[in-house]
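Undergrad: Dropping the structure in here first, questions after.
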Amino acid sequence: MINSVTRRDFLSLLGAYGGTSALIQAGTALGLMPQPGQAAELSLARAGASGRRVAILGSGVSGLAVAWELTKAGYDCTVLEASHRPGGRVFTVRSGTVIDELGNYQRCEFDNEPHLYFNAGAARIPSNHSTVLGYCRELGVDLEIFVNESMRAWVQDDNFNGGRPVRNADFHTNMHGFLAEMLAKSLSAGQLDEEFSEAEMEALLRIIRNLGDLNEDMLFEGSFRAGYASGGFLDHGTKHAMIAFRELLKTRLAAGLMVTTDVGTGAGPVLMQPVGGMDRIPYAFANRLADRIRFRSAVKSVQVSDHGVEIAYERDGSRETLQADYCFNCIPSHLMTGIPNNFPSDYLDALKYIRRGEAYKAAFQARQRFWEDEGIYAGITWVNSPIQQIWYPPHGIHKQKGVILAAYDFGGGMYYTKMTQEQRIEELLRHGEKVHPDYRQLVEKPVTIAWHRMNNMLGCAARWQRSRDGWSAEEEAMYHRLQQPVNGRHWMMGDQISQHSAWMESALQSAHFALADMDQRVRAAAL
Amino acid sequence: MKHLMTAVVTLAASVLGNLASGQDVGLPAPMDDKYCMTCHGAVGQGNVGVQAPRIAGMESWYLKRQLENFRAGIRGTHPDDEQGLAMQPMAARLTDQSIGDLIEWVGSFDYIPTTATIEGDASRGRQAYTRCASCHGDQGQGNETFGAPALAGQNDWYLVTQLRNFKAGYRGNSPNDQYGAMMVSMANSLTNDQAILNVVSYINTLGR
Ligand SMILES: Cc1cc2nc3c(=O)[nH]c(=O)nc-3n(C[C@H](O)[C@H](O)[C@H](O)COP(=O)(O)OP(=O)(O)OC[C@H]3O[C@@H](n4cnc5c(N)ncnc54)[C@H](O)[C@@H]3O)c2cc1C
């Protein structure tokens with residue numbers, strides 16, 4: 001086992017890490033990395049006497065940001081939104097909220113208390129998502145810390161530890177211990193002497209020893225880092241029993257678990273959420289835009305000419321038209337393909353190419369915050385079953401009731417989507433009670449959110465890539481085509497027009513990209 | 001309904017501040033079963049992005065049968081029938097009354113021509129189509145006597161899916177699906193995927 005970590009593997013591992021961190025440093029030094037808390041500076045020219053009418057299709061965060069920026073610059077903006085609410089995939093569910101799933105209409109029965117809410121779409125803001133944070137600052141949206149990882153949360157896999165849940169802390173200390181022990185052995189075999197000076201070797205061994213909490217002989221024999229099995233305060237603590245390395249390898253979750261503090265943004269484990277729900281962001285925009293937003297107004301046709309854009313929409317059963325000089329559109333691509341339009345064929349083909357995502361989330365109200373009794377106050381339990389994750393959102397600590405996220409499948413989700421509401425709930429309970437034995441008795445008032453079926457959305461994050469190997473040249477070309485406007489009048493936007501969908505930051509940056517493009521054209525035309 | 005609406009507006013006002021005082025926020029248009037267009041295209045013309053076919057201009061007898069079949073689980077319940085599974089729950093909640101209303105409503109949509117999206121050998125397809133014409137008509141116009149719907153003018157990608165589904169046993173396999181059963185052997189006579197593309201390419205030429 002130990003011999004299998006060859007010196008070459010080890011060195012290439014070091015090389016890989018060296019390469020990455022060097023890259024990040026260079027990036028920051030050159031000013032390529034955005035600084036936190038500041039929205040990219042947009043300095044739009046004031047609207048002229050004519051060409052002021054702007055139509056914004058969809059009140060996703062990108063649509064709202066465009067409407068807000070252009071309103072500030074003196075344009076006459078109208079937002080058309082098919083739904084009864086602003087925000088699209090930024091959706092907070094609380095007492096009375098309608099969940100407009102096609103074929104499975106729900107109304108949230110949570111108690112009416114400020115801390116009993118559930119972010120059914122976007123839920124966390126990394127601290128380097130500067131455009132989102134910039135708007136929170138500008139619009140006065142209060143933020144609080146959201147913690148992505150708790151060492152007290154659980155890891156549960158039917159194939160591991162007899163299906164019994166294990167604390168994240170146990171999983172991590174054991175995994176680190178064994179990995180460190182292996183590294184130490186490969187080093188002390190003397191094979192790396194040529195590569196490192198004596199001082200470097202010493203430093204390296206100290207790091208490895210600390211990484212795994214190894215004993216003086218560089219062996220792992222359990223660690224207090226997993227907490228105490230007993231004692232620890234008035235009496236000496238005792239260590240938790242070790243978990244055999246082979247056992248740790250049995251769970252498919254293992255590799256992912258080693259990096260859950262972050263969500264791939266370099267900002268974890270401390271992320272942020274608006275106090276009171278993620279929809280504070282869209283509503284902060286919407287309140288300022290007031291009656292510039294027309295709700296329940298579904299776009300039915302988009303016709304672009306050289307002089308502007310004519311939009312037909314349906315409101316309360318009657319068909320209306322809106323003439324605009326410019327149009328910004330965040331309607332999901334797979335719905336836009338079903339709306340009559342006169343887009344050029346390459347543009348339309350690119351829209352048709354994008355596939356829709358499937359994300360699924362569900363939540364319960366909990367009669368009591370039982371996770372706090374287990375020493376869990378935030379973070380995520382990882383489960384190798386279709387529920388995948390259980391979250392313990394921190395809002396409302398020590399209050400009687402809470403909201404618990406009962407499932408989150410971001411990549412897939414059809415497993416649940418295809419079920420009836422009753423089947424979904426039973427599945428949530430069945431898998432949840434493997435982690436929390438009295439789950440079934442402790443939770444109530446379920447809500448399930450199948451984004452693939454949500455009215456006016458029918459999907460989650462846009463999928464551009466067909467291959468795991470990255471974006472093909474054709475995909476890059478189609479993406480850049482969609483970044484460009486039709487006739488200098490109509491822009492698609494939203495996180496679907498970005499290379500990292502599923503983040504509000506991408507949606508907002510895409511909005512700014514489109515705005516900057518429009519601004520350039522307006523300025524050029526004014527010359 | 002009215003009562004519910006007021007409750008929600010008041011609630012929204014308390015939670016979300018001033019926005020709700022505007023007139024625009026309320027419940028989604030009451031779920032009156034007319035949400036078909038989110039999937040089937042803004043004017044019922046079909047939407048490849050959601051793989052939902054044209055329903056505008058569909059024969060009322062055929063529309064009725066399909067809604068009833070989906071509702072009864074005769075269609076759209078096979079675990080691998082991706083698209084049928086998307087439609088089935090939409091019909092599951094319909095009553096006879098709402099099916100009647102829908103037929104009337106959908107019947108008022110104007111037919112919009114579709115565009116060809118697939119490539120195949122239409123002249124080979126023409127030969128294969130001679131077998132189909134006895135039920136679906138020379139011009140693919142459909143024939144109520146045989147219960148066979150119009151094929152001309154339907155989205156080609158959808159026709160392809162259906163022929164594949166009949167072959168794969170996702171559609172037409174239920175003991176209660178007497179009309180679907182007629183199609184299974186017909187679809188099986190198209191021996192491979194190319195034959196399917198060919199015959200649908202020919203149907204594309206029939207226009208409408
Ligand atoms: C489950 C889930 C988890 C997520 N987690 C996070 C997270 O933690 N952090 C994060 O930053 N991001 C997260 N995201 C992503 C984030 O929610 C999106 O990137 C962002 O909200 C997309 O905004 P958008 O402007 O592209 O528009 P969208 O939100 O896609 O809005 C599109 C709008 O168009 C409207 N519309 C549709 N059809 C019509 C029509 N015919 N006429 C008029 N209007 C129409 C819709 O009703 C909707 O309001 C998550 C998303 C999901 C689904």
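Identifiers for the structure tokens are assigned positionally: chains receive A, B, ... in sequence, residues are indexed from 1 per chain, and ligands are indexed from 1 in the order shown.
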How would you report the residues lying within 7 Å of ligand 1, as a compact mmCIF listing (two decimals) with N, CA and C atoms, in the first residue's frame, if you count only C-alpha atoms and all ligand atoms?
TA:
```txt
# COMPACT_ATOMS: atom_id res chain seq x y z
N LEU A 57 -36.48 41.66 -20.28
CA LEU A 57 -37.33 40.47 -20.28
C LEU A 57 -36.86 39.52 -19.20
N GLY A 58 -37.66 39.35 -18.18
CA GLY A 58 -37.32 38.48 -17.05
C GLY A 58 -36.74 39.30 -15.92
N SER A 59 -37.24 39.04 -14.70
CA SER A 59 -36.70 39.75 -13.54
C SER A 59 -35.77 38.87 -12.74
N GLY A 60 -34.95 38.08 -13.42
CA GLY A 60 -33.83 37.43 -12.75
C GLY A 60 -32.90 38.52 -12.24
N VAL A 61 -31.93 38.16 -11.41
CA VAL A 61 -31.05 39.21 -10.87
C VAL A 61 -30.36 39.99 -11.98
N SER A 62 -30.07 39.35 -13.10
CA SER A 62 -29.41 40.10 -14.18
C SER A 62 -30.36 41.15 -14.76
N GLY A 63 -31.62 40.76 -14.95
CA GLY A 63 -32.61 41.70 -15.47
C GLY A 63 -32.81 42.87 -14.53
N LEU A 80 -40.53 43.02 -17.96
CA LEU A 80 -41.65 42.10 -18.13
C LEU A 80 -41.31 40.78 -17.45
N GLU A 81 -42.13 40.37 -16.53
CA GLU A 81 -41.86 39.16 -15.77
C GLU A 81 -43.09 38.26 -15.81
N ALA A 82 -42.89 37.01 -16.27
CA ALA A 82 -44.02 36.09 -16.40
C ALA A 82 -44.58 35.67 -15.05
N SER A 83 -43.72 35.59 -14.07
CA SER A 83 -44.13 35.10 -12.76
C SER A 83 -44.81 36.21 -11.94
N PRO A 86 -40.50 38.62 -8.34
CA PRO A 86 -39.21 38.88 -8.97
C PRO A 86 -38.17 37.85 -8.50
N GLY A 87 -37.09 37.72 -9.23
CA GLY A 87 -35.94 36.96 -8.71
C GLY A 87 -35.63 35.65 -9.41
N GLY A 88 -36.58 35.07 -10.12
CA GLY A 88 -36.29 33.82 -10.84
C GLY A 88 -35.73 32.76 -9.91
N ARG A 89 -34.50 32.40 -10.15
CA ARG A 89 -33.88 31.33 -9.36
C ARG A 89 -33.37 31.81 -8.01
N VAL A 90 -33.55 33.06 -7.70
CA VAL A 90 -33.33 33.51 -6.32
C VAL A 90 -34.72 33.50 -5.69
N ALA A 120 -34.59 28.36 -1.62
CA ALA A 120 -34.82 27.22 -2.49
C ALA A 120 -33.98 27.26 -3.77
N GLY A 121 -33.46 28.41 -4.09
CA GLY A 121 -32.54 28.53 -5.21
C GLY A 121 -31.19 28.92 -4.64
N ALA A 122 -30.69 30.06 -5.08
CA ALA A 122 -29.38 30.53 -4.57
C ALA A 122 -29.43 30.64 -3.06
N ALA A 123 -28.33 30.22 -2.41
CA ALA A 123 -28.33 30.21 -0.94
C ALA A 123 -27.05 30.76 -0.33
N ARG A 124 -25.98 30.85 -1.10
CA ARG A 124 -24.73 31.30 -0.45
C ARG A 124 -23.95 32.23 -1.37
N ILE A 125 -23.30 33.15 -0.73
CA ILE A 125 -22.51 34.14 -1.47
C ILE A 125 -21.06 34.06 -1.03
N SER A 297 -46.60 38.94 -16.67
CA SER A 297 -46.57 39.41 -18.05
C SER A 297 -45.60 38.53 -18.83
N ALA A 298 -46.15 37.54 -19.49
CA ALA A 298 -45.31 36.56 -20.17
C ALA A 298 -45.01 37.02 -21.59
N VAL A 299 -43.74 37.09 -21.91
CA VAL A 299 -43.33 37.49 -23.25
C VAL A 299 -43.76 36.43 -24.26
N LYS A 300 -44.37 36.87 -25.35
CA LYS A 300 -44.91 35.94 -26.35
C LYS A 300 -44.25 36.10 -27.71
N CYS A 330 -33.18 37.94 -20.10
CA CYS A 330 -32.63 36.82 -19.31
C CYS A 330 -33.60 35.65 -19.24
N ILE A 331 -34.55 35.59 -20.14
CA ILE A 331 -35.44 34.42 -20.19
C ILE A 331 -34.58 33.19 -20.47
N PRO A 332 -34.79 32.11 -19.73
CA PRO A 332 -33.96 30.92 -19.94
C PRO A 332 -33.96 30.50 -21.42
N LEU A 335 -36.53 28.26 -22.87
CA LEU A 335 -37.90 28.81 -23.00
C LEU A 335 -37.93 29.82 -24.14
N ALA A 359 -31.46 20.82 -11.07
CA ALA A 359 -31.31 20.84 -9.61
C ALA A 359 -32.59 20.61 -8.81
N TYR A 360 -32.43 19.95 -7.69
CA TYR A 360 -33.55 19.63 -6.80
C TYR A 360 -33.18 19.96 -5.36
N LYS A 361 -34.08 20.63 -4.68
CA LYS A 361 -33.90 20.91 -3.25
C LYS A 361 -35.20 20.58 -2.53
N PHE A 410 -27.54 19.05 -6.93
CA PHE A 410 -27.32 20.15 -7.87
C PHE A 410 -27.12 19.66 -9.30
N TRP A 451 -36.42 22.15 -9.83
CA TRP A 451 -36.25 23.30 -10.74
C TRP A 451 -36.60 22.97 -12.18
N ASN A 456 -42.08 28.85 -15.54
CA ASN A 456 -41.28 29.95 -16.10
C ASN A 456 -39.78 29.75 -15.96
N MET A 457 -39.38 28.59 -15.53
CA MET A 457 -37.96 28.34 -15.36
C MET A 457 -37.58 27.03 -16.04
N CYS A 460 -32.34 24.52 -14.29
CA CYS A 460 -31.48 25.25 -13.35
C CYS A 460 -30.33 25.81 -14.14
N ALA A 461 -29.11 25.43 -13.77
CA ALA A 461 -27.97 26.04 -14.44
C ALA A 461 -27.86 25.56 -15.89
N MET A 493 -28.67 37.51 -21.76
CA MET A 493 -27.80 37.60 -20.58
C MET A 493 -28.27 36.65 -19.50
N GLY A 494 -27.67 36.77 -18.34
CA GLY A 494 -27.95 35.86 -17.23
C GLY A 494 -26.78 34.89 -17.10
N ASP A 495 -26.83 34.07 -16.07
CA ASP A 495 -25.70 33.15 -15.89
C ASP A 495 -25.60 32.17 -17.05
N GLN A 496 -26.69 32.04 -17.83
CA GLN A 496 -26.63 31.17 -19.02
C GLN A 496 -25.65 31.72 -20.07
N SER A 501 -21.97 28.94 -15.05
CA SER A 501 -23.37 29.15 -14.69
C SER A 501 -23.59 28.71 -13.25
N ALA A 502 -24.78 29.00 -12.75
CA ALA A 502 -25.19 28.63 -11.39
C ALA A 502 -24.65 29.56 -10.31
N TRP A 503 -24.18 30.73 -10.69
CA TRP A 503 -23.84 31.74 -9.69
C TRP A 503 -24.52 33.06 -10.04
N MET A 504 -25.02 33.73 -9.03
CA MET A 504 -25.56 35.07 -9.24
C MET A 504 -24.47 35.99 -9.78
N GLU A 505 -23.25 35.76 -9.32
CA GLU A 505 -22.14 36.60 -9.78
C GLU A 505 -22.01 36.54 -11.30
N SER A 506 -22.15 35.34 -11.84
CA SER A 506 -22.05 35.19 -13.30
C SER A 506 -23.19 35.91 -13.99
N ALA A 507 -24.39 35.80 -13.41
CA ALA A 507 -25.56 36.48 -13.99
C ALA A 507 -25.33 37.99 -14.00
N LEU A 508 -24.82 38.51 -12.90
CA LEU A 508 -24.62 39.96 -12.80
C LEU A 508 -23.48 40.43 -13.69
```
Undergrad: May I ask you to extract the residues of chain A within 7 Å of chain B, using only C-alpha atoms, and to give them as a ChimeraX atom specification?
TA: /A:83-85,96,102-103,286-287,290,294-295,300,334-335,337-339,352,418,455-456
Undergrad: Restricting the calculation to only C-alpha atoms, which member of B:Thr117, B:Leu206, B:Ile55, B:Leu163 is positioned closest to Ala133 (chain B)?
TA: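 Of B:Thr117, B:Leu206, B:Ile55, B:Leu163, the one nearest Ala133 (chain B), counting only C-alpha atoms, is B:Leu206.
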Undergrad: One number please: CA of Ile425 (chain A) to CA of Ser385 (chain A), in Å, one decimal.
TA: 14.4 Å
Undergrad: Using only C-alpha atoms, determine which residues lie at most 10 Å from Gly412 (chain A), disregarding the query and same-chain residues fewer than 5 positions distant; provide the list as a list in words.
TA: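 Listed by chain and then number, they are Gly357, Glu358, Ala359, Tyr360, Pro386, Thr417 and His452 of chain A.
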Undergrad: Determine which residues of region 30-207 of chain B receive a DSSP assignment of strand (DSSP E or B), computed from the backbone, and state them as a PyMOL selection string.
TA: chain B and resi 47+52+143+148
Undergrad: So that I have them on file, write out the residues from the current selection with all heavy atoms, as a PDB file, in the first residue's frame.
TA:
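Okay, this is what ended up in part25.pdb:
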```
ATOM      1  N   ASN B  47     -41.777  23.480 -28.591  1.00  0.00           N
ATOM      2  CA  ASN B  47     -40.502  24.064 -28.188  1.00  0.00           C
ATOM      3  C   ASN B  47     -39.463  22.973 -28.047  1.00  0.00           C
ATOM      4  O   ASN B  47     -39.516  22.162 -27.124  1.00  0.00           O
ATOM      5  CB  ASN B  47     -40.662  24.822 -26.863  1.00  0.00           C
ATOM      6  CG  ASN B  47     -39.352  25.442 -26.409  1.00  0.00           C
ATOM      7  OD1 ASN B  47     -38.344  25.394 -27.116  1.00  0.00           O
ATOM      8  ND2 ASN B  47     -39.348  26.028 -25.226  1.00  0.00           N
ATOM      9  N   ALA B  52     -41.179  19.641 -26.070  1.00  0.00           N
ATOM     10  CA  ALA B  52     -42.643  19.547 -26.017  1.00  0.00           C
ATOM     11  C   ALA B  52     -43.198  19.948 -27.385  1.00  0.00           C
ATOM     12  O   ALA B  52     -42.857  21.006 -27.899  1.00  0.00           O
ATOM     13  CB  ALA B  52     -43.197  20.454 -24.921  1.00  0.00           C
ATOM     14  N   ASN B 143     -56.379  10.673 -39.903  1.00  0.00           N
ATOM     15  CA  ASN B 143     -57.655  10.058 -40.233  1.00  0.00           C
ATOM     16  C   ASN B 143     -58.335   9.621 -38.939  1.00  0.00           C
ATOM     17  O   ASN B 143     -57.892   8.680 -38.275  1.00  0.00           O
ATOM     18  CB  ASN B 143     -57.422   8.853 -41.153  1.00  0.00           C
ATOM     19  CG  ASN B 143     -58.722   8.245 -41.626  1.00  0.00           C
ATOM     20  OD1 ASN B 143     -59.770   8.420 -40.994  1.00  0.00           O
ATOM     21  ND2 ASN B 143     -58.657   7.529 -42.731  1.00  0.00           N
ATOM     22  N   ALA B 148     -55.797   7.826 -36.214  1.00  0.00           N
ATOM     23  CA  ALA B 148     -54.404   8.201 -36.502  1.00  0.00           C
ATOM     24  C   ALA B 148     -54.295   9.716 -36.696  1.00  0.00           C
ATOM     25  O   ALA B 148     -54.975  10.271 -37.550  1.00  0.00           O
ATOM     26  CB  ALA B 148     -53.914   7.477 -37.748  1.00  0.00           C
TER      27      ALA B 148
END
```
Undergrad: Among the residues of region 4-182 of chain B, find those DSSP assigns to alpha helix (DSSP H) from the backbone and print them as a ChimeraX atom specification.
TA: /B:4-16,37-40,60-72,82-92,96-107,122-136,156-168,178-182
Undergrad: Output C-alpha atoms for every residue in the selection just made, as an mmCIF file, in the first residue's frame.
TA:
```
data_model
loop_
_atom_site.group_PDB
_atom_site.id
_atom_site.type_symbol
_atom_site.label_atom_id
_atom_site.label_comp_id
_atom_site.auth_asym_id
_atom_site.auth_seq_id
_atom_site.Cartn_x
_atom_site.Cartn_y
_atom_site.Cartn_z
ATOM 1 C CA LEU B 4 -56.227 33.370 -0.407
ATOM 2 C CA MET B 5 -55.037 36.229 -2.524
ATOM 3 C CA THR B 6 -55.574 38.780 0.208
ATOM 4 C CA ALA B 7 -53.776 36.575 2.691
ATOM 5 C CA VAL B 8 -50.749 36.316 0.486
ATOM 6 C CA VAL B 9 -50.590 39.983 -0.323
ATOM 7 C CA THR B 10 -50.760 40.938 3.332
ATOM 8 C CA LEU B 11 -48.125 38.437 4.172
ATOM 9 C CA ALA B 12 -45.836 39.606 1.434
ATOM 10 C CA ALA B 13 -46.309 43.132 2.686
ATOM 11 C CA SER B 14 -45.225 42.236 6.167
ATOM 12 C CA VAL B 15 -42.212 40.232 5.096
ATOM 13 C CA LEU B 16 -41.007 42.161 2.149
ATOM 14 C CA MET B 37 -47.530 27.140 -22.900
ATOM 15 C CA THR B 38 -44.569 27.287 -20.564
ATOM 16 C CA CYS B 39 -43.574 23.996 -22.141
ATOM 17 C CA HIS B 40 -45.387 23.837 -25.455
ATOM 18 C CA SER B 60 -59.575 17.674 -30.699
ATOM 19 C CA TRP B 61 -60.256 13.914 -30.616
ATOM 20 C CA TYR B 62 -56.554 13.168 -30.613
ATOM 21 C CA LEU B 63 -55.762 15.809 -28.004
ATOM 22 C CA LYS B 64 -58.474 14.347 -25.792
ATOM 23 C CA ARG B 65 -57.208 10.814 -26.111
ATOM 24 C CA GLN B 66 -53.641 11.780 -25.326
ATOM 25 C CA LEU B 67 -54.598 13.839 -22.282
ATOM 26 C CA GLU B 68 -56.694 10.933 -21.045
ATOM 27 C CA ASN B 69 -53.923 8.455 -21.746
ATOM 28 C CA PHE B 70 -51.376 10.543 -19.885
ATOM 29 C CA ARG B 71 -53.829 11.022 -17.027
ATOM 30 C CA ALA B 72 -54.469 7.281 -16.779
ATOM 31 C CA GLU B 82 -37.819 11.085 -20.345
ATOM 32 C CA GLN B 83 -40.260 13.331 -22.198
ATOM 33 C CA GLY B 84 -43.406 11.389 -21.485
ATOM 34 C CA LEU B 85 -42.553 11.569 -17.785
ATOM 35 C CA ALA B 86 -42.432 15.341 -18.056
ATOM 36 C CA MET B 87 -45.933 15.501 -19.522
ATOM 37 C CA GLN B 88 -47.662 12.808 -17.492
ATOM 38 C CA PRO B 89 -47.950 14.720 -14.173
ATOM 39 C CA MET B 90 -49.354 17.717 -16.052
ATOM 40 C CA ALA B 91 -52.318 15.613 -17.133
ATOM 41 C CA ALA B 92 -52.594 13.605 -13.929
ATOM 42 C CA ASP B 96 -62.997 15.565 -17.432
ATOM 43 C CA GLN B 97 -64.325 19.082 -17.185
ATOM 44 C CA SER B 98 -60.873 20.672 -17.448
ATOM 45 C CA ILE B 99 -59.940 18.411 -20.352
ATOM 46 C CA GLY B 100 -63.055 19.703 -22.081
ATOM 47 C CA ASP B 101 -62.060 23.302 -21.356
ATOM 48 C CA LEU B 102 -58.526 22.704 -22.537
ATOM 49 C CA ILE B 103 -59.672 21.231 -25.819
ATOM 50 C CA GLU B 104 -61.745 24.282 -26.465
ATOM 51 C CA TRP B 105 -58.920 26.598 -25.462
ATOM 52 C CA VAL B 106 -56.163 24.802 -27.374
ATOM 53 C CA GLY B 107 -58.544 24.547 -30.311
ATOM 54 C CA ALA B 122 -36.738 11.790 -48.026
ATOM 55 C CA SER B 123 -36.980 9.686 -51.171
ATOM 56 C CA ARG B 124 -36.311 6.496 -49.232
ATOM 57 C CA GLY B 125 -38.680 7.787 -46.621
ATOM 58 C CA ARG B 126 -41.330 8.192 -49.264
ATOM 59 C CA GLN B 127 -41.274 4.474 -49.969
ATOM 60 C CA ALA B 128 -41.551 3.636 -46.304
ATOM 61 C CA TYR B 129 -44.387 6.093 -45.960
ATOM 62 C CA THR B 130 -46.634 4.148 -48.302
ATOM 63 C CA ARG B 131 -47.270 1.810 -45.351
ATOM 64 C CA CYS B 132 -48.175 4.736 -43.126
ATOM 65 C CA ALA B 133 -50.467 6.468 -45.589
ATOM 66 C CA SER B 134 -53.262 3.945 -45.174
ATOM 67 C CA CYS B 135 -53.894 5.285 -41.696
ATOM 68 C CA HIS B 136 -52.271 8.727 -41.563
ATOM 69 C CA ASP B 156 -39.951 16.569 -36.731
ATOM 70 C CA TRP B 157 -37.790 16.024 -33.626
ATOM 71 C CA TYR B 158 -40.922 14.994 -31.771
ATOM 72 C CA LEU B 159 -42.027 12.513 -34.444
ATOM 73 C CA VAL B 160 -38.584 10.952 -34.265
ATOM 74 C CA THR B 161 -38.823 10.593 -30.476
ATOM 75 C CA GLN B 162 -42.225 8.958 -30.759
ATOM 76 C CA LEU B 163 -41.119 6.421 -33.357
ATOM 77 C CA ARG B 164 -38.132 5.567 -31.172
ATOM 78 C CA ASN B 165 -40.428 5.328 -28.147
ATOM 79 C CA PHE B 166 -42.879 2.991 -29.873
ATOM 80 C CA LYS B 167 -39.929 0.774 -30.829
ATOM 81 C CA ALA B 168 -38.400 0.866 -27.377
ATOM 82 C CA GLN B 178 -55.356 0.022 -28.207
ATOM 83 C CA TYR B 179 -54.369 2.889 -30.524
ATOM 84 C CA GLY B 180 -50.754 2.967 -29.444
ATOM 85 C CA ALA B 181 -50.559 -0.793 -29.984
ATOM 86 C CA MET B 182 -51.402 -0.273 -33.666
#
```
Undergrad: Can you tell me how far CA of Thr381 (chain A) sits from CA of Pro393 (chain A), in Å to one decimal?
TA: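 It comes out at 11.5 Å.
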Undergrad: Nearest to Pro344 (chain A) among A:Ser223, A:Gln273, A:Gln484, A:Thr131, with distances taken over only C-alpha atoms: which residue is it?
TA: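 Result for the nearest residue to Pro344 (chain A): A:Gln484.
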Undergrad: Write out as an MDAnalysis selection string the residues lying within 7 Å of region 49-54 of chain A, counting only C-alpha atoms and excluding same-chain residues fewer than 4 positions away.
TA: chainID A and resid 75:78 324:327
Undergrad: With N, CA, C and O atoms retained, write the just-selected residues as a CSV table (one decimal), in the first residue's frame.
TA:
```csv
chain,number,residue,atom,x,y,z
A,75,TYR,N,-32.6,56.1,-18.3
A,75,TYR,CA,-33.5,55.4,-19.3
A,75,TYR,C,-34.8,55.1,-18.7
A,75,TYR,O,-35.1,55.1,-17.5
A,76,ASP,N,-35.7,54.9,-19.6
A,76,ASP,CA,-37.1,54.6,-19.3
A,76,ASP,C,-37.3,53.0,-19.4
A,76,ASP,O,-37.4,52.5,-20.5
A,77,CYS,N,-37.2,52.4,-18.3
A,77,CYS,CA,-37.1,50.9,-18.3
A,77,CYS,C,-38.5,50.2,-18.0
A,77,CYS,O,-39.2,50.7,-17.1
A,78,THR,N,-38.8,49.1,-18.6
A,78,THR,CA,-39.9,48.3,-18.3
A,78,THR,C,-39.4,46.9,-18.2
A,78,THR,O,-38.8,46.3,-19.1
A,324,ALA,N,-39.5,49.1,-27.8
A,324,ALA,CA,-38.3,49.6,-27.1
A,324,ALA,C,-37.2,49.9,-28.0
A,324,ALA,O,-37.2,49.4,-29.1
A,325,ASP,N,-36.3,50.7,-27.6
A,325,ASP,CA,-35.1,51.0,-28.4
A,325,ASP,C,-34.0,49.9,-28.1
A,325,ASP,O,-33.3,49.6,-29.0
A,326,TYR,N,-34.0,49.4,-26.9
A,326,TYR,CA,-33.1,48.3,-26.6
A,326,TYR,C,-33.8,47.3,-25.7
A,326,TYR,O,-34.7,47.6,-25.0
A,327,CYS,N,-33.2,46.1,-25.8
A,327,CYS,CA,-33.9,45.0,-25.1
A,327,CYS,C,-32.8,44.1,-24.4
A,327,CYS,O,-31.9,43.6,-25.1
```
Undergrad: Looking at only C-alpha atoms, which of A:Tyr283, A:Phe245, A:Trp68, A:Trp491 is the one that sits closest to Phe171 (chain A)?
TA: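 Closest to Phe171 (chain A) of all the choices is A:Phe245.
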Undergrad: What separation in Å, quoted to one decimal, exists between CA of Asp80 (chain B) and CA of Val184 (chain B)?
TA: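 For CA of Asp80 (chain B) relative to CA of Val184 (chain B), the distance reads 16.9 Å.
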